[in-house]
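For reference, query32.tsv (TSV, C-alpha atoms and all ligand atoms):
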```tsv
chain	number	residue	atom	x	y	z
G	855	MET	CA	-14.33	19.14	-22.99
G	856	LEU	CA	-13.94	16.56	-20.28
G	857	ASN	CA	-17.10	15.52	-18.48
G	858	CYS	CA	-17.47	14.92	-14.73
G	859	LYS	CA	-17.01	11.17	-14.96
G	860	GLN	CA	-13.74	11.61	-16.81
G	861	VAL	CA	-12.55	14.16	-14.28
G	862	ALA	CA	-13.49	11.82	-11.41
G	863	THR	CA	-11.59	9.02	-13.12
G	864	LEU	CA	-8.50	11.17	-13.53
G	865	ALA	CA	-8.73	12.85	-10.14
G	866	SER	CA	-5.88	10.97	-8.44
G	867	ASP	CA	-3.64	11.38	-11.46
G	868	TYR	CA	-4.39	15.09	-11.32
G	869	LEU	CA	-3.54	15.34	-7.62
G	870	ASP	CA	-0.38	13.25	-8.06
G	871	ASN	CA	0.78	15.15	-11.14
G	872	ASN	CA	0.50	12.07	-13.32
G	873	THR	CA	-1.65	13.34	-16.15
G	874	SER	CA	-1.03	15.29	-19.30
G	875	LEU	CA	-4.61	16.53	-19.17
G	876	ARG	CA	-3.95	18.98	-16.38
G	877	TRP	CA	-5.25	22.02	-18.20
G	878	GLN	CA	-8.35	20.32	-19.50
G	879	ILE	CA	-9.13	19.26	-15.94
G	880	ARG	CA	-8.53	22.78	-14.63
G	881	LEU	CA	-10.83	24.17	-17.23
G	882	HIS	CA	-13.55	21.77	-16.14
G	883	LEU	CA	-12.96	22.62	-12.48
G	884	LEU	CA	-13.38	26.32	-13.21
G	885	MET	CA	-16.91	25.63	-14.29
G	886	CYS	CA	-17.98	22.70	-12.12
G	887	ALA	CA	-18.53	23.06	-8.38
G	888	ASN	CA	-19.28	19.35	-7.91
G	889	CYS	CA	-15.97	18.27	-9.36
G	890	ARG	CA	-14.13	20.93	-7.37
G	891	ARG	CA	-15.66	19.50	-4.21
G	892	PHE	CA	-14.92	15.95	-5.34
G	893	ILE	CA	-11.25	16.70	-5.96
G	894	ARG	CA	-10.95	18.61	-2.71
G	895	HIS	CA	-12.42	15.68	-0.78
G	896	LEU	CA	-10.11	13.26	-2.55
G	897	GLN	CA	-7.15	15.41	-1.61
G	898	ILE	CA	-8.29	15.47	2.03
G	899	THR	CA	-8.63	11.68	1.89
G	900	ARG	CA	-5.09	11.41	0.57
G	901	ASP	CA	-3.81	13.72	3.31
G	902	VAL	CA	-5.60	11.70	5.96
G	903	GLY	CA	-3.79	8.62	4.65
G	904	ALA	CA	-0.45	10.39	4.83
G	905	ARG	CA	-0.96	11.07	8.53
G	906	MET	CA	-2.32	7.69	9.40
G	907	ALA	CA	-0.72	4.85	11.25
G	908	ILE	CA	-1.72	1.37	10.26
G	909	ASN	CA	-3.66	-0.12	13.09
G	910	GLU	CA	-4.10	-3.68	12.11
G	911	PRO	CA	-4.41	-6.40	14.64
G	912	GLY	CA	-0.64	-6.52	15.01
G	913	ALA	CA	1.38	-9.50	14.01
G	914	ASP	CA	1.97	-11.79	16.93
G	915	ALA	CA	5.74	-11.42	16.76
G	916	GLU	CA	6.28	-14.23	19.23
G	917	ALA	CA	4.30	-16.74	17.18
G	918	VAL	CA	5.87	-15.67	13.89
G	919	TRP	CA	9.35	-15.87	15.36
G	920	ASN	CA	8.66	-19.38	16.70
G	921	LYS	CA	7.59	-20.56	13.26
G	922	VAL	CA	10.58	-18.93	11.64
G	923	GLN	CA	12.93	-20.58	14.12
G	924	THR	CA	11.42	-23.97	13.41
G	925	ARG	CA	12.11	-23.45	9.72
G	926	ILE	CA	15.65	-22.29	10.34
G	927	LYS	CA	16.37	-25.43	12.38
G	928	LYS	CA	14.85	-27.63	9.71
G	929	GLU	CA	16.94	-26.03	7.00
G	930	ALA	CA	20.09	-26.37	9.08
G	931	GLN	CA	19.63	-30.14	9.36
G	932	PRO	CA	17.91	-31.21	6.15
G	933	ASP	CA	18.86	-34.90	6.41
G	934	GLN	CA	18.04	-35.63	10.00
G	935	GLU	CA	14.53	-36.72	10.82
J	326	MET	CA	-11.55	15.22	-27.78
J	327	ALA	CA	-9.16	13.71	-25.33
J	328	SER	CA	-9.23	10.02	-24.66
J	329	VAL	CA	-9.42	9.33	-20.94
J	330	LYS	CA	-10.19	5.70	-20.40
J	331	LEU	CA	-9.01	4.06	-17.22
J	332	ALA	CA	-5.68	2.42	-17.81
J	333	GLN	CA	-6.06	-1.17	-18.84
J	334	ILE	CA	-5.12	-3.67	-16.21
J	335	ASN	CA	-2.46	-5.96	-17.58
J	336	LEU	CA	-2.02	-9.05	-15.46
J	337	HIS	CA	0.93	-10.30	-17.41
J	338	ASP	CA	3.22	-7.58	-16.22
J	339	SER	CA	3.45	-9.22	-12.90
J	340	HIS	CA	5.59	-12.15	-13.98
J	341	GLU	CA	8.36	-10.28	-15.57
J	342	PHE	CA	10.08	-8.16	-13.04
J	343	ASN	CA	13.55	-9.34	-12.04
J	344	THR	CA	14.85	-12.82	-11.45
J	345	SER	CA	17.78	-11.97	-9.22
J	346	SER	CA	18.09	-13.20	-5.66
J	347	PRO	CA	16.88	-10.99	-2.85
J	348	MET	CA	20.41	-10.13	-1.84
J	349	THR	CA	21.84	-8.99	-5.14
J	350	GLN	CA	18.79	-6.96	-6.04
J	351	SER	CA	19.48	-3.31	-5.34
J	352	PRO	CA	16.64	-1.67	-3.49
J	353	PRO	CA	14.62	1.19	-4.94
J	354	ALA	CA	16.79	4.18	-4.14
J	355	SER	CA	14.18	6.66	-3.01
J	356	LEU	CA	12.85	4.47	-0.22
J	357	GLU	CA	15.89	5.52	1.74
J	358	ASP	CA	15.18	9.21	1.77
J	359	LYS	CA	12.03	8.82	3.77
J	360	VAL	CA	11.31	8.93	7.43
J	361	PRO	CA	12.52	5.58	8.72
J	362	TYR	CA	9.34	4.25	10.30
J	363	PRO	CA	6.29	6.22	9.21
J	364	LEU	CA	4.16	3.12	9.70
J	365	LEU	CA	4.76	3.33	13.38
J	366	LYS	CA	3.90	6.91	14.08
J	367	ASN	CA	1.76	7.17	17.20
J	368	LYS	CA	2.51	3.56	17.85
J	369	GLY	CA	4.58	3.48	20.98
J	370	PRO	CA	8.12	3.49	22.27
J	371	HIS	CA	9.88	1.84	19.35
J	372	SER	CA	8.68	4.33	16.79
J	373	GLY	CA	11.58	6.74	17.09
J	374	THR	CA	14.43	4.59	15.85
J	375	GLY	CA	17.03	6.69	14.08
J	376	PRO	CA	19.96	5.55	11.94
J	377	ALA	CA	22.25	4.90	14.94
J	378	ASP	CA	19.62	2.76	16.66
J	379	GLU	CA	19.08	0.95	13.41
J	380	SER	CA	22.77	0.01	13.06
J	381	GLU	CA	22.72	-1.29	16.59
J	382	LEU	CA	19.56	-3.25	15.89
J	383	ILE	CA	21.08	-4.75	12.77
J	384	ALA	CA	24.19	-5.74	14.69
J	385	ARG	CA	21.99	-7.54	17.21
J	386	LEU	CA	20.12	-9.28	14.38
J	387	ALA	CA	23.42	-10.38	12.90
J	388	LYS	CA	24.28	-12.05	16.19
J	389	GLY	CA	20.97	-13.89	16.12
J	390	ASP	CA	19.52	-11.96	19.08
J	391	ASP	CA	16.01	-13.26	19.79
J	392	ARG	CA	14.65	-10.01	21.12
J	393	ALA	CA	15.92	-8.05	18.14
J	394	PHE	CA	14.11	-10.42	15.80
J	395	ARG	CA	10.88	-10.19	17.73
J	396	GLN	CA	11.14	-6.40	17.67
J	397	VAL	CA	11.72	-6.26	13.91
J	398	ILE	CA	8.94	-8.74	13.27
J	399	ALA	CA	6.54	-6.72	15.42
J	400	GLN	CA	7.45	-3.57	13.49
J	401	HIS	CA	7.41	-4.83	9.94
J	402	HIS	CA	5.46	-8.06	9.69
J	403	SER	CA	2.13	-6.53	8.70
J	404	LEU	CA	3.68	-4.35	5.99
J	405	MET	CA	5.45	-7.42	4.61
J	406	LEU	CA	2.26	-9.43	4.75
J	407	SER	CA	0.36	-6.77	2.81
J	408	ILE	CA	3.00	-6.82	0.10
J	409	ALA	CA	3.06	-10.62	-0.08
J	410	ARG	CA	-0.73	-10.79	-0.29
J	411	ALA	CA	-0.80	-8.27	-3.10
J	412	ILE	CA	1.68	-10.26	-5.16
J	413	VAL	CA	0.91	-13.87	-4.42
J	414	GLY	CA	-2.53	-13.89	-2.77
J	415	ASP	CA	-3.81	-14.92	0.64
J	416	THR	CA	-3.12	-18.62	0.28
J	417	PHE	CA	0.64	-18.30	0.12
J	418	ALA	CA	1.27	-14.96	1.80
J	419	ASP	CA	1.94	-16.24	5.33
J	420	ASP	CA	4.31	-18.84	4.05
J	421	VAL	CA	6.13	-16.37	1.83
J	422	VAL	CA	6.64	-13.91	4.67
J	423	GLN	CA	8.02	-16.68	6.89
J	424	GLU	CA	10.43	-17.61	4.10
J	425	ALA	CA	11.39	-13.96	3.91
J	426	TRP	CA	12.19	-13.90	7.63
J	427	VAL	CA	14.32	-17.02	7.28
J	428	CYS	CA	16.11	-15.28	4.43
J	429	VAL	CA	16.62	-12.23	6.66
J	430	TYR	CA	17.99	-14.44	9.42
J	431	ASN	CA	20.42	-16.14	7.05
J	432	ASN	CA	21.64	-12.98	5.37
J	433	VAL	CA	21.45	-10.11	7.81
J	434	ALA	CA	25.13	-10.58	8.70
J	435	ASN	CA	25.98	-9.62	5.12
J	436	PHE	CA	23.56	-6.69	4.97
J	437	GLU	CA	25.68	-3.65	4.14
J	438	GLN	CA	23.15	-0.98	5.10
J	439	ARG	CA	23.26	0.86	1.85
J	440	SER	CA	19.51	1.04	2.25
J	441	SER	CA	17.35	1.24	5.34
J	442	LEU	CA	16.44	-2.01	7.03
J	443	LYS	CA	12.83	-1.53	6.01
J	444	THR	CA	13.75	-1.10	2.34
J	445	TRP	CA	15.81	-4.26	2.53
J	446	LEU	CA	12.97	-6.21	4.14
J	447	VAL	CA	10.49	-4.95	1.54
J	448	THR	CA	12.85	-6.00	-1.25
J	449	ILE	CA	13.28	-9.46	0.22
J	450	VAL	CA	9.59	-10.15	0.69
J	451	SER	CA	8.81	-8.74	-2.74
J	452	ASN	CA	11.34	-11.06	-4.37
J	453	GLN	CA	10.26	-14.09	-2.35
J	454	ALA	CA	6.65	-13.44	-3.35
J	455	LYS	CA	7.52	-13.05	-7.03
J	456	THR	CA	9.50	-16.29	-6.97
J	457	ARG	CA	6.55	-18.05	-5.39
J	458	LEU	CA	4.19	-16.49	-7.93
J	459	ARG	CA	6.22	-18.00	-10.76
J	460	LYS	CA	6.05	-21.42	-9.10
J	461	GLU	CA	2.37	-21.30	-8.29
J	462	SER	CA	1.08	-19.09	-11.06
J	463	ARG	CA	-1.62	-21.55	-12.02
J	464	GLN	CA	-3.15	-21.54	-8.59
J	465	VAL	CA	-2.81	-17.90	-7.73
J	466	SER	CA	-5.87	-15.83	-8.31
J	467	LEU	CA	-5.23	-12.31	-9.44
J	468	ASP	CA	-8.82	-11.26	-9.06
J	469	GLN	CA	-7.74	-8.47	-6.75
J	470	LEU	CA	-7.17	-6.50	-9.93
J	471	ASP	CA	-10.76	-7.00	-10.97
J	472	GLY	CA	-12.99	-4.09	-11.89
J	473	GLU	CA	-14.95	-1.61	-9.85
J	474	VAL	CA	-16.83	-2.73	-6.83
J	475	SER	CA	-20.44	-1.81	-7.50
J	476	GLY	CA	-21.54	1.30	-5.65
J	477	SER	CA	-18.06	2.77	-5.90
J	478	TYR	CA	-17.62	6.31	-7.10
J	479	LEU	CA	-16.66	5.38	-10.63
J	480	ASP	CA	-19.47	3.02	-11.42
J	481	GLY	CA	-22.29	4.18	-13.63
J	482	VAL	CA	-24.92	5.07	-11.06
J	483	HIS	CA	-23.18	8.26	-9.99
J	484	PHE	CA	-23.26	9.73	-13.48
J	485	LYS	CA	-25.85	10.62	-16.09
J	486	THR	CA	-25.40	9.29	-19.60
J	487	ASP	CA	-23.71	12.53	-20.60
J	488	GLY	CA	-21.07	11.96	-17.88
J	489	HIS	CA	-22.31	14.63	-15.48
J	490	TRP	CA	-22.91	13.92	-11.81
J	491	GLN	CA	-26.27	12.29	-11.13
J	492	GLN	CA	-26.48	14.07	-7.77
J	493	ALA	CA	-24.48	16.77	-6.06
J	494	VAL	CA	-21.24	15.57	-4.51
J	495	PRO	CA	-22.00	15.48	-0.76
J	496	GLN	CA	-20.84	18.36	1.45
J	497	TRP	CA	-18.42	17.72	4.29
J	498	SER	CA	-18.75	19.74	7.48
J	499	VAL	CA	-15.20	18.84	8.54
J	500	GLU	CA	-12.56	19.37	5.88
J	501	SER	CA	-9.37	19.42	7.91
J	502	PRO	CA	-7.37	16.17	7.79
J	503	ASP	CA	-6.09	16.78	11.34
J	504	ALA	CA	-9.59	17.28	12.69
J	505	LEU	CA	-10.77	14.17	10.85
J	506	LEU	CA	-7.96	12.13	12.34
J	507	GLU	CA	-8.97	13.14	15.83
J	508	GLU	CA	-12.29	11.40	15.36
J	509	GLN	CA	-11.72	7.99	16.94
J	510	GLN	CA	-14.80	6.53	15.34
J	511	LEU	CA	-13.68	7.58	11.87
J	512	GLN	CA	-10.18	6.21	12.49
J	513	SER	CA	-11.59	2.81	13.27
J	514	CYS	CA	-13.93	2.99	10.25
J	515	ILE	CA	-10.95	3.74	8.02
J	516	ASN	CA	-8.81	1.03	9.55
J	517	ARG	CA	-11.56	-1.50	9.12
J	518	THR	CA	-12.07	-0.46	5.52
J	519	LEU	CA	-8.35	-0.77	4.85
J	520	THR	CA	-8.33	-4.36	6.03
J	521	LEU	CA	-11.24	-5.12	3.70
J	522	LEU	CA	-9.67	-3.67	0.56
J	523	PRO	CA	-8.60	-6.11	-2.14
J	524	PRO	CA	-4.94	-7.00	-1.41
J	525	ALA	CA	-3.36	-5.20	-4.36
J	526	GLN	CA	-5.31	-2.01	-3.63
J	527	LYS	CA	-4.44	-2.20	0.01
J	528	ALA	CA	-0.71	-2.67	-0.58
J	529	ALA	CA	-0.63	0.06	-3.22
J	530	PHE	CA	-2.44	2.46	-0.88
J	531	ILE	CA	-0.21	1.66	2.10
J	532	LEU	CA	2.97	2.05	0.08
J	533	ARG	CA	1.84	5.23	-1.65
J	534	ASP	CA	-0.31	7.23	0.75
J	535	ILE	CA	0.89	5.98	4.12
J	536	GLU	CA	4.52	5.07	3.36
J	537	GLN	CA	4.85	7.83	0.73
J	538	GLN	CA	6.83	5.75	-1.73
J	539	SER	CA	7.17	6.76	-5.35
J	540	PHE	CA	4.92	5.21	-7.97
J	541	GLU	CA	8.00	3.84	-9.69
J	542	ASP	CA	9.25	2.03	-6.59
J	543	ILE	CA	5.79	0.67	-5.90
J	544	CYS	CA	5.44	-0.85	-9.32
J	545	HIS	CA	8.76	-2.66	-8.80
J	546	ILE	CA	7.83	-3.82	-5.33
J	547	LEU	CA	4.39	-5.07	-6.33
J	548	ALA	CA	5.34	-6.19	-9.84
J	549	VAL	CA	2.53	-4.31	-11.57
J	550	SER	CA	2.73	-1.62	-14.21
J	551	ALA	CA	2.84	2.04	-13.25
J	552	ALA	CA	-0.59	2.55	-14.77
J	553	ASN	CA	-1.97	-0.25	-12.62
J	554	VAL	CA	-0.46	1.19	-9.46
J	555	ARG	CA	-2.19	4.49	-10.20
J	556	VAL	CA	-5.52	2.78	-10.73
J	557	LEU	CA	-5.16	0.72	-7.56
J	558	VAL	CA	-4.31	3.77	-5.45
J	559	HIS	CA	-7.18	5.75	-6.96
J	560	ARG	CA	-9.70	3.01	-6.21
J	561	ALA	CA	-8.47	2.67	-2.65
J	562	ARG	CA	-8.73	6.43	-2.10
J	563	LEU	CA	-12.25	6.50	-3.52
J	564	THR	CA	-13.31	3.74	-1.16
J	565	LEU	CA	-11.90	5.61	1.83
J	566	MET	CA	-13.47	8.82	0.59
J	567	GLN	CA	-16.85	7.13	0.64
J	568	VAL	CA	-16.20	6.06	4.22
J	569	ILE	CA	-15.57	9.70	5.08
J	570	ASP	CA	-18.72	10.70	3.11
J	571	ARG	CA	-20.79	8.36	5.21
J	572	TYR	CA	-19.12	9.43	8.41
J	573	GLN	CA	-19.78	13.10	7.67
J	574	GLU	CA	-23.41	12.34	6.98
J	575	THR	CA	-24.20	9.87	9.76
J	576	GLY	CA	-21.38	10.04	12.33
J	577	SER	CA	-20.63	6.35	11.92
J	578	CYS	CA	-19.48	3.84	9.28
H	1	ZN	ZN	-17.72	18.18	-13.20
```
File written out as structure tokens:
Amino acid sequence: MLNCKQVATLASDYLDNNTSLRWQIRLHLLMCANCRRFIRHLQITRDVGARMAINEPGADAEAVWNKVQTRIKKEAQPDQE
Amino acid sequence: MASVKLAQINLHDSHEFNTSSPMTQSPPASLEDKVPYPLLKNKGPHSGTGPADESELIARLAKGDDRAFRQVIAQHHSLMLSIARAIVGDTFADDVVQEAWVCVYNNVANFEQRSSLKTWLVTIVSNQAKTRLRKESRQVSLDQLDGEVSGSYLDGVHFKTDGHWQQAVPQWSVESPDALLEEQQLQSCINRTLTLLPPAQKAAFILRDIEQQSFEDICHILAVSAANVRVLVHRARLTLMQVIDRYQETGSC
């Protein structure tokens, strides 16, 4: 029998179909409400990720492009100071 | 009794993936089947670029069009930075991504569009980062693959010695992903948490759960074993799950 900690450790592999212990996990889930809730919450978390847009402080495209252009010019004229 | 230890993290995997140049390296095939710009959903007017727009954009890049470059940089720079950070660490990531853009500039005229532009960009930055990793391997810290952060779901305190939960797993009053995503406060909690994840976890999570790439492609892109990608994604999900736990309980991060 798997215990809860083992199920929690394998939970993503279970959701992503990456484990050979599928049936052992199912058996545990039949009997354990906590792990059922845990796996359900993990699945919700995964689904939230799938619908998310990354909202990082966006790259300053202008600044990046200026740096890249400087490099391109340097590479084009390696011998001229 | 089944053996279910967490996969061992093997740092040495990361040096061995391909030595070919960015241009000859064929991109992971399945990246192409996906929605072109899932990163940009809800993100404004440029998000709807289809294949025709993309060809036009690439043609403008090939001519060296300034505005086209700024557009592509705005769209893809942060994804590329996340990948570079995961492979080569913070110290060199900015530099590596700039090199990648130079490489794009120099080679986009020969880009044959057998993959999407994004796939091509990801391949280039991944290869640039791996090349840099080989050069700087002594200085690069791979501690992003270190063990559990204490307090995370998998550390000991959540479980009794027999492996059963120490306490009940907390209830959530909202269990619909759509409803959760409508909560502005939670969105910003999640985004903040994402930026704080260790770089390898963050890149693995973005590529897997947000970009929906296959585990196989991700292990090539990030130069870690498949087992490691699975562990990284799992840890990232658990961290975000705890953010949602806290939000459900307190209404804030
Ligand atoms: Zn259990």
> What does the distance from atom CA of G:Asn871 to atom CA of G:Gly903 come to in Å, to one decimal?
Replying inline: 17.7 Å
Counting all atoms listed in the file, which residues in chain J sit no more than 12 Å from ligand ZN 1 (chain H)? For each one, give the nearest pair of atoms and the distance in Å, sorted by chain then residue number, as a tab-separated table.
```
residue	atom	partner	partner_atom	distance
J:His483	CA	H:ZN1	ZN	11.8
J:Phe484	CA	H:ZN1	ZN	10.1
J:Lys485	CA	H:ZN1	ZN	11.5
J:Asp487	CA	H:ZN1	ZN	11.1
J:Gly488	CA	H:ZN1	ZN	8.5
J:His489	CA	H:ZN1	ZN	6.2
J:Trp490	CA	H:ZN1	ZN	6.9
J:Gln491	CA	H:ZN1	ZN	10.6
J:Gln492	CA	H:ZN1	ZN	11.1
J:Ala493	CA	H:ZN1	ZN	9.9
J:Val494	CA	H:ZN1	ZN	9.7
```
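Nearest to G:His895 of all the residues J:Gln567, J:Asn435, J:Ser403, J:Thr486 is J:Gln567, based on only C-alpha atoms.
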Counting all atoms listed in the file, what are the residues of chain J within 6 Å of chain G, and for each of them which pair of atoms is the nearest and at what distance in Å, to one decimal? Sort the table by chain and rising number, as CSV.
```
residue,atom,partner,partner_atom,distance
J:Leu364,CA,G:Ala907,CA,5.4
J:Lys366,CA,G:Ala907,CA,5.8
J:Arg395,CA,G:Ala915,CA,5.4
J:Ile398,CA,G:Ala915,CA,5.4
J:Ala399,CA,G:Ala915,CA,5.0
J:Gln423,CA,G:Val922,CA,5.8
J:Gly488,CA,G:Lys859,CA,5.1
J:His489,CA,G:Cys858,CA,4.9
J:Val494,CA,G:Asn888,CA,5.4
J:Pro502,CA,G:Val902,CA,5.1
J:Asp534,CA,G:Ala904,CA,5.2
J:Ile535,CA,G:Ala904,CA,4.7
J:His559,CA,G:Ser866,CA,5.6
J:Met566,CA,G:Thr899,CA,5.8
```
> Hey, can you check how far atom CA of J:Phe436 sits from atom CA of J:Ala384?
Replying inline: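 Atom CA of J:Phe436 sits 9.8 Å away from atom CA of J:Ala384.
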> Any idea what the distance is between atom CA of J:Ser462 and atom CA of J:Thr564?
Replying inline: 28.7 Å
